[in-house]
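J.: Sharing a structure with you now.
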Amino acid sequence: MVMPQIKDPIGHLEMRAPPNAVVARGVSKTYGDVEALKNLSLEFPKGQLTSLLGPSGCGKTTLLKIIGGLLEPTAGEIEVNGTPVKGPGPDRAFVFQDFALLPWANVLRNVAFGLELRGAAKSEREAIAEKYIAEVGLSGFEKAFPHELSGGMRQRVGLARALSVDADVLLMDEPFSAVDEQTRRKFQEDLLRLVQNENKTFIFVTHSIEEAVYVSDQIAILLPRPSRVLEIIRPAIERNKNVDNIRRDPEYLDIVDKIWAALRSYVE
Amino acid sequence: MVMPQIKDPIGHLEMRAPPNAVVARGVSKTYGDVEALKNLSLEFPKGQLTSLLGPSGCGKTTLLKIIGGLLEPTAGEIEVNGTPVKGPGPDRAFVFQDFALLPWANVLRNVAFGLELRGAAKSEREAIAEKYIAEVGLSGFEKAFPHELSGGMRQRVGLARALSVDADVLLMDEPFSAVDEQTRRKFQEDLLRLVQNENKTFIFVTHSIEEAVYVSDQIAILLPRPSRVLEIIRPAIERNKNVDNIRRDPEYLDIVDKIWAALRSYVE
Amino acid sequence: MASRSLQLKILSAVAVFGAWQIAGMIPVSYAFPTFLESMSALGRMAVDGSLYQAYLETLKPLVVGVAISAFLGIGLGLWIGLSSKFDWLFSPIFIVMQAAPLAALIPLLVMAYGIGLTSKVFVVCIMAMPVIVLNTAGAVRNTPSSIKEMGRSFLGTDVDIILKIIIPAASPVIFSGLRLGISAGFIGAILAELKITPTGVGDIITYSRSIADYPSMYAAIFSIILLAVVFLNIVERLEAYLFEGNVRGYASD
Amino acid sequence: MTLFGYRLPGMSSLILWGLLWEIVGRSGMTFFIPPLSEVFLTLFEVIGTPPFLKALSETSYAFAAGVFFALVIGIPVGILMGKNRLVDELLLPWVNIFLSAPLTALVPVLMVLFGFGMRSIIITTTLFAIWIIILNARAGVMQINRSLVEMARSFGATPMVAFYKIYFWAALPEILGGVRIGVIRAVKGVIIGQLLISIVGFGALFELYANNFLMAHFWAVLVVLFALAFTVSEFLAYLERRVSYYAAKR
Amino acid sequence: MGSAQAAKINIALAETPSDELAAFFVALDRAKAAGLDYEWTAFSDEELAIQAVLSGQMDIGFGTPYAAMQRSKAPIRIVFQLSKLKFFPVTSKKYGKLEDLNGEPIMLHSRGGGTDSIANVIEDKLSIKFGDRSYVPGSSNRVAALMAGQTDATIVDLSNKNKLMKLASDRFNVLPMFEVDASDEALFANLDWIKKNENDVDIFVKALVSVWQDMAKDPTIISRETDPEGPIGQLPKEILGNLDEFYFDAVEGGLYDPNGGGRKAAMADLEWYSAAGQLDGDPSTLNIEDFWYLAPLDAATK
Ligand SMILES: Nc1ncnc2c1ncn2[C@@H]1O[C@H](COP(=O)(O)OP(=O)(O)OP(=O)(O)O)[C@@H](O)[C@H]1O
Ligand SMILES: Nc1ncnc2c1ncn2[C@@H]1O[C@H](COP(=O)(O)OP(=O)(O)OP(=O)(O)O)[C@@H](O)[C@H]1O
Ligand SMILES: [Mg+2]
Ligand SMILES: [Mg+2]
């Protein structure tokens with residue numbers, strides 16, 4: 001695994017306590033005629049979770065793919081741990097919006113596939129995969145094929161695959177969209193624990209304002225196409241309160257309302 | 001349109017003020033070996049919105065389809081406006097979880113399709129369809145095909161189709177699941193207006209506890225497979241408060257927490 | 001359930017063979033033997049060994065031709081699917097080849113390559129190859145981009161992505177092309193034996209026809225159809241074995 | 001493919017191959033590949049003559065009739081198989097057998113059963129085309145989104161109405177795909193029938209020209225046939241593309 | 001199909017109309033003038049024509065159906081010998097006479113076909129044994145194979161022998177052969193049908209005999225009488241131009257018997273096809289009446 005060099009965030013933006021794991025500078029992206037992103041700049045502090053929030057089709061997936069090195073920006077650049085992104089790298093792992101599972105491979109092989117491509121030995125990678133399968137609650141389904149799983153279960157396979165490669169930066173594109181509310185809440189809590197315990201950086205796309213406020217250290221609100229950053233909000237909720245109480249915390253509710261107000265104008 | 005006979009709710013259950021539009025009595029359903037519903041009884045008062053809430057795969061869609069006459073129950077029976085259900089009828093309209101749009105037909109024809117099948121003349125049904133297309137906010141998209149719409153727009157087409165046949169009972173299977181949070185909130189408010197203004201009965205499936213508490217007159221919480229009713233909750237929230245404030249109403253939050261606690265045990 | 005479908009298969013086989021038997025007994029034509037006559041001729045040829053000898057002859061061009069078509073076809077198909085230059089240059093040839101009635105080319109092949117194995121292999125190849133190439137190329141082109149992206153994001157090399165993602169993803173369509181190709185190859189092999197030189201099973205068919213031994217002719221036809229079906233079942237098994245996740249059963253069940 | 005920034009049309013590489021043919025033909029490598037230009041000259045000479053027109057009309061008649069029966073029988077049978085499990089289980093093994101069987105071997109049997117004239121050629125054509133049409137229509141129906149059918153029922157559609165308002169349209173992309181492959185196979189079938197059964201139509205011309213070493217004539221007729229088959233198949237591919245917008249989204 | 005005048009008769013040809021069939025079509029034209037109504041279908045080989053007549057789908061066919069006559073249950077009879085088995089062993093310069101072919105591979109039309117029986121009889125008469133026999137249907141294909149060097153010895157028909165000699169007489173030999181009177185192509189039909197349609201058969205045979213006799217006197221009548229709108233007249237000029245030449249050679253080579261074969265041909269056939277292995281039993285015990293129906297020919301030649 002590549003170890004993060006202790007950054008040199010070219011200090012033209014305000015300095016913050018934690019160094020930035022990922023920096024986007026003036027990124028634009030056009031698909032043919034469609035201008036998806038326009039001169040977007042954004043910083044993602046190390047060891048924190050940043051959510052991207054914005055209307056459907058505003059370019060969230062596009063930005064994530066550019067950070068992942070899967071798409072070339074039309075202009076601008078991305079730095080991960082101080083080095084410019086040229087393509088996919090072992091320091092970033094992706095959770096895909098449409099899961100991107102191999103339909104012909106069972107759960108175990110799918111979860112181990114990231115490690116397989118990195119050349120890990122079979123026994124080693126399967127041991128690691130087993131561990132993460134258990135972590136997402138799929139023990140017993142190792143031999144099942146994707147078409148035998150419900151949508152939520154499939155999404156968890158994709159999650160386990162991204163976790164198992166142990167990358168510094170996790171790029172998660174609506175990772176909980178297909179799981180039901182009950183399971184989703186459990187996952188949100190698991191995610192919070194992950195952020196706290198491991199020094200990983202998470203970039204998280206969601207449509208749910210409550211979810212974003214609940215799990216994020218920092219929320220970037222994007223405007224509709226061509227996307228720019230409207231506002232950056234740092235919820236700073238006291239998470240050591242009882243989990244159930246957070247949801248009726250007035251501070252929490254205020255932030256939700258504030259974001260809601262900001263986004264609302266784009267619905268009508 | 002069939003007019004409701006003024007019921008004779010065989011009074012073995014407590015009598016309530018509004019008569020029941022739909023009554024399920026001892027309904028069971030098995031798919032091969034899978035027991036989806038077991039001896040489920042439930043009443044749906046006329047002119048009200050009843051939500052079904054329960055973990056994924058617990059049989060909500062199954063119950064809705066039995067009420068819609070699309071599936072035969074293995075045991076038990078359904079009465080709609082006092083007459084037993086034998087099959088689909090003009091008194092009920094369905095909003096499908098997966099939209100069920102005709103991919104080869106444009107929005108106008110899709111919305112008018114329910115009326116087309118009921119033999120309405122072209123000009124008449126298109127006039128009605130136009131009206132409901134406007135109502136769900138899709139004016140200008142009459143000539144678009146489903147694949148040109150985003151998920152949320154497609155779901156609205158299915159909604160408009162169900163509304164246009166002007167049935168007494170609307171069966172809605174997760175009707176807002178694909179729309180983004182922002183649009184969803186607007187729809188919830190539209191739905192509340194519909195319940196208030198028209199004397200229709202709504203049966204509504206959702207995964208979101210907040211949504212259920214917010215829009216329902218009555219919430220039925222279902223246990224996992226084989227499904228029975230765990231509890232019936234009547235939120236009775238004062239909706240004439242400012243909409244934005246409802247979400248921080250302690251009463252509202254208490255109900256959400258109560259339901260969450262009831263469901264929680266089934267997640268782990 | 002399995003026994004029910006087996007029963008139905010047996011039932012429909014009995015119905016068809018029974019109809020054949022009755023048609024032969026009427027008879028619809030002097031040249032139309034009954035089912036039992038044909039089967040006894042088949043038994044006779046199997047016992048005296050002439051059947052195996054014939055198949056040794058027939059299988060040679062068939063197996064060689066199908067093997068060449070499969071390897072070359074899949075290889076070319078991959079290449080065409082992956083490279084737009086190659087696609088531009090070669091796919092029109094195969095589209096024309098697939099659409100064209102190549103049976104008409106047989107006399108030319110005889111003139112060019114004589115009457116030996118070469119011509120027959122050629123006939124098998126020109127019948128079998130286009131569908132294999134075009135199916136493979138189409139499948140490669142249609143590999144869902146999201147799993148290709150996934151492979152890239154987890155640092156797969158180009159070779160990894162071809163071997164571990166594109167080929168398995170394309171395999172159902174490649175195999176269906178292979179099945180159609182093999183069946184076309186059988187058509188080609190028989191055509192070669194009927195139109196170029198009567199050897200093997202084609203010889204049994206033409207010879208027994210010329211001496212009016214119709215039961216043997218029908219027995220030979222029956223056996224070649226049986227062989228084709230067995231051959232294709234083997235291919236199906238191979239697919240199920242190599243890519244078990246591709247077998248997903250009835251959509252409606 | 002693009003060259004110097006221009007997008008080359010899809011089939012333009014055929015010009016390159018034609019040039020190659022001309023060169024091989026002119027080099028005199030083999031007598032059975034005359035230069036393409038000579039083939040085209042012969043083509044213009046032959047194309048208006050009565051034997052050619054007769055062959056064309058005979059072949060198109062057999063082809064059209066064969067394809068017609070394949071469509072009219074194949075599509076309903078396929079849809080029925082997709083809807084009805086019993087019919088499916090009874091017929092599917094046979095459809096698979098005939099799809100993969102070397103139909104050329106069956107041609108002698110057809111001649112006995114159905115005679116030696118046009119009828120057998122038409123039936124051969126039908127047999128080449130029909131199985132893939134059946135299988136594709138069946139596959140199309142089997143993958144129909146169940147909720148479309150339920151939706152129609154919930155709005156009160158009768159089975160007949162559901163058949164032509166839902167099943168047919170929902171299976172249309174697969175049906176058209178099957179028809180395209182079937183029609184391509186039918187072209188082969190009609191020529192094989194004309195070569196193996198009675199020698200009429202283009203089959204007769206091929207036989208005649210090949211026997212008398214008239215290579216330019218031979219290729220000229222072949223080119224016509226290639227062009228016809230190609231046109232038909234591209235036309236169907238075009239229809240297929242017309243409906244493909246919803247094929248992936250059902 | 002009761003009355004002879006009402007129905008068309010269906011003729012099954014064993015090959016596509018080309019120069020070799022020109023005389024036959026001239027005879028058909030004459031028969032038509034005499035009131036015969038007919039329709040013809042070309043089959044890809046003789047066996048199919050035989051099968052078509054056997055199954056009753058065609059009335060009258062082309063070929064030498066001796067095996068079928070003996071084995072099948074249908075009463076098939078020959079009424080006219082169209083051509084004799086005039087085939088020519090042609091070889092590369094390696095061989096000078098038939099005996100040289102002892103043990104050597106040879107290329108023939110098809111197993112059990114005419115050239116196969118010629119090879120059998122050659123073996124019989126000269127007490128030699130050919131080596132491997134390979135089969136390529138169509139004389140022209142065998143000529144192509146010979147020119148391409150894929151075989152050194154084969155047996156081809158008259159017109160292809162002539163073509164070959166014209167193209168490359170320096171490279172190939174035509175080996176001297178004994179005379180054969182047996183039939184290559186004959187006209188045959190089901191006896192029941194013949195009896196029901198005596199009148200038509202008589203007209204047909206009469207026309208054939210008249211053409212065969214005229215042709216023996218002047219081969220050019222074929223090209224002169226050929227209907228330019230008919231199937232022969234429509235052939236490409238490359239073929240049509242050689243018609244006179246072909247018939248000169250044919251008459252000279254004795255390909256056609258002006259008397260339609262008859263008893264002499266029948267005897268020769270029985271002997272020949274027994275030797276060739278298509279007929280079982282001793283030829284002297286076989287009855288000509290079981291194979292030929294001679295009445296129409298007798299009437300036409302008397
Ligand atoms: N491959 C592509 N070709 C052309 N346009 C594209 C392509 N991918 C995305 N777009 C366009 O770019 C815009 C941004 O797309 P993107 O997928 O990034 O949106 P998103 O914010 O992820 O939306 P969602 O919330 O629905 O996932 C959209 O308007 C889309 O139409
Ligand atoms: N056609 C079917 N055949 C067999 N089992 C089925 C079928 N349809 C549903 N089931 C089973 O019945 C159970 C209930 O399914 P149902 O679709 O009613 O669940 P649901 O409550 O609507 O779930 P979700 O919230 O995911 O939509 C599930 O366990 C499912 O596996
Ligand atoms: Mg997205
Ligand atoms: Mg459901």
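Please note that chains go A, B, ... in the order of the structure tokens, that every chain numbers its residues from 1, and that ligands are numbered from 1 in the order shown.
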What are the DSSP helix (DSSP H, G or I) residues of region 127-200 of chain B, as JSON, numbers by chain?

T.: {"B": [127, 128, 129, 130, 131, 132, 133, 134, 135, 146, 147, 148, 151, 152, 153, 154, 155, 156, 157, 158, 159, 160, 161, 162, 163, 164, 181, 182, 183, 184, 185, 186, 187, 188, 189, 190, 191, 192, 193, 194, 195, 196, 197]}

J.: Throw together the list of residues within 9 Å of ligand 2, counting only C-alpha atoms and all ligand atoms, and drop it here as a PyMOL selection string.

T.: (chain A and resi 150-152+179-180) or (chain B and resi 29-37+52-65+97+173-174+205-207+222+224-227) or (chain C and resi 252-253)

J.: Find, counting only C-alpha atoms, the residue in B:Glu130, B:Glu148, B:Glu142, B:Glu135 that gets nearest to chain D.

T.: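 Using only C-alpha atoms, chain D sits closest to B:Glu148.
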
J.: Provide as a ChimeraX atom specification the residues of chain E at most 9 Å from chain C, counting only C-alpha atoms.

T.: /E:46-48,50-52,54-56,65-69,71-74,109-113,134-137,141,144-145,148-150,278

J.: Mind listing as a list of chain:residue names which residues of chain D are within 8 Å of chain E, counting only C-alpha atoms?

T.: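 Every residue of chain D that passes the 8 Å test is in D:Pro50, D:Pro51, D:Val112, D:Gly115, D:Phe116, D:Gly117, D:Leu195, D:Leu196, D:Ile197, D:Ser198, D:Ile199, D:Val200, D:Ala204, D:Glu207, D:Leu208, D:Asn211, D:Asn212.
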
J.: Those same residues - C-alpha atoms - I'd like them written as a short mmCIF file (atom, residue, chain, number, x, y, z; two decimals), in the first residue's frame.

T.:
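So part38.cif came out as:
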```cif
data_model
loop_
_atom_site.label_atom_id
_atom_site.label_comp_id
_atom_site.auth_asym_id
_atom_site.auth_seq_id
_atom_site.Cartn_x
_atom_site.Cartn_y
_atom_site.Cartn_z
CA PRO D 50 -34.88 -13.54 -69.53
CA PRO D 51 -33.07 -16.43 -67.78
CA VAL D 112 -39.97 -37.46 -50.32
CA GLY D 115 -42.43 -33.41 -53.49
CA PHE D 116 -39.68 -32.14 -55.66
CA GLY D 117 -40.83 -28.84 -56.86
CA LEU D 195 -29.06 -26.72 -55.51
CA LEU D 196 -30.08 -29.91 -53.77
CA ILE D 197 -33.69 -30.39 -54.80
CA SER D 198 -34.66 -29.26 -58.21
CA ILE D 199 -32.33 -27.02 -60.04
CA VAL D 200 -34.20 -23.82 -60.63
CA ALA D 204 -29.61 -23.44 -61.83
CA GLU D 207 -24.76 -24.91 -61.71
CA LEU D 208 -24.75 -23.95 -65.36
CA ASN D 211 -20.13 -26.49 -65.14
CA ASN D 212 -19.13 -24.43 -68.13
#
```

J.: When you draw a straight line from CA of Arg92 (chain A) to CA of Glu210 (chain A), how long is it in Å?

T.: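 Spanning CA of Arg92 (chain A) to CA of Glu210 (chain A) is a straight-line distance of 26.2 Å.
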
J.: D:Phe155, D:Phe206, D:Phe218, D:Phe226: which is nearest chain B, counting only C-alpha atoms?

T.: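 Under the stated criterion, the closest residue is D:Phe155.
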
J.: Could you check which of A:Val229, A:Leu192, A:Met172, A:Leu163 is closest to ligand 3, using only C-alpha atoms and all ligand atoms?

T.: A:Met172
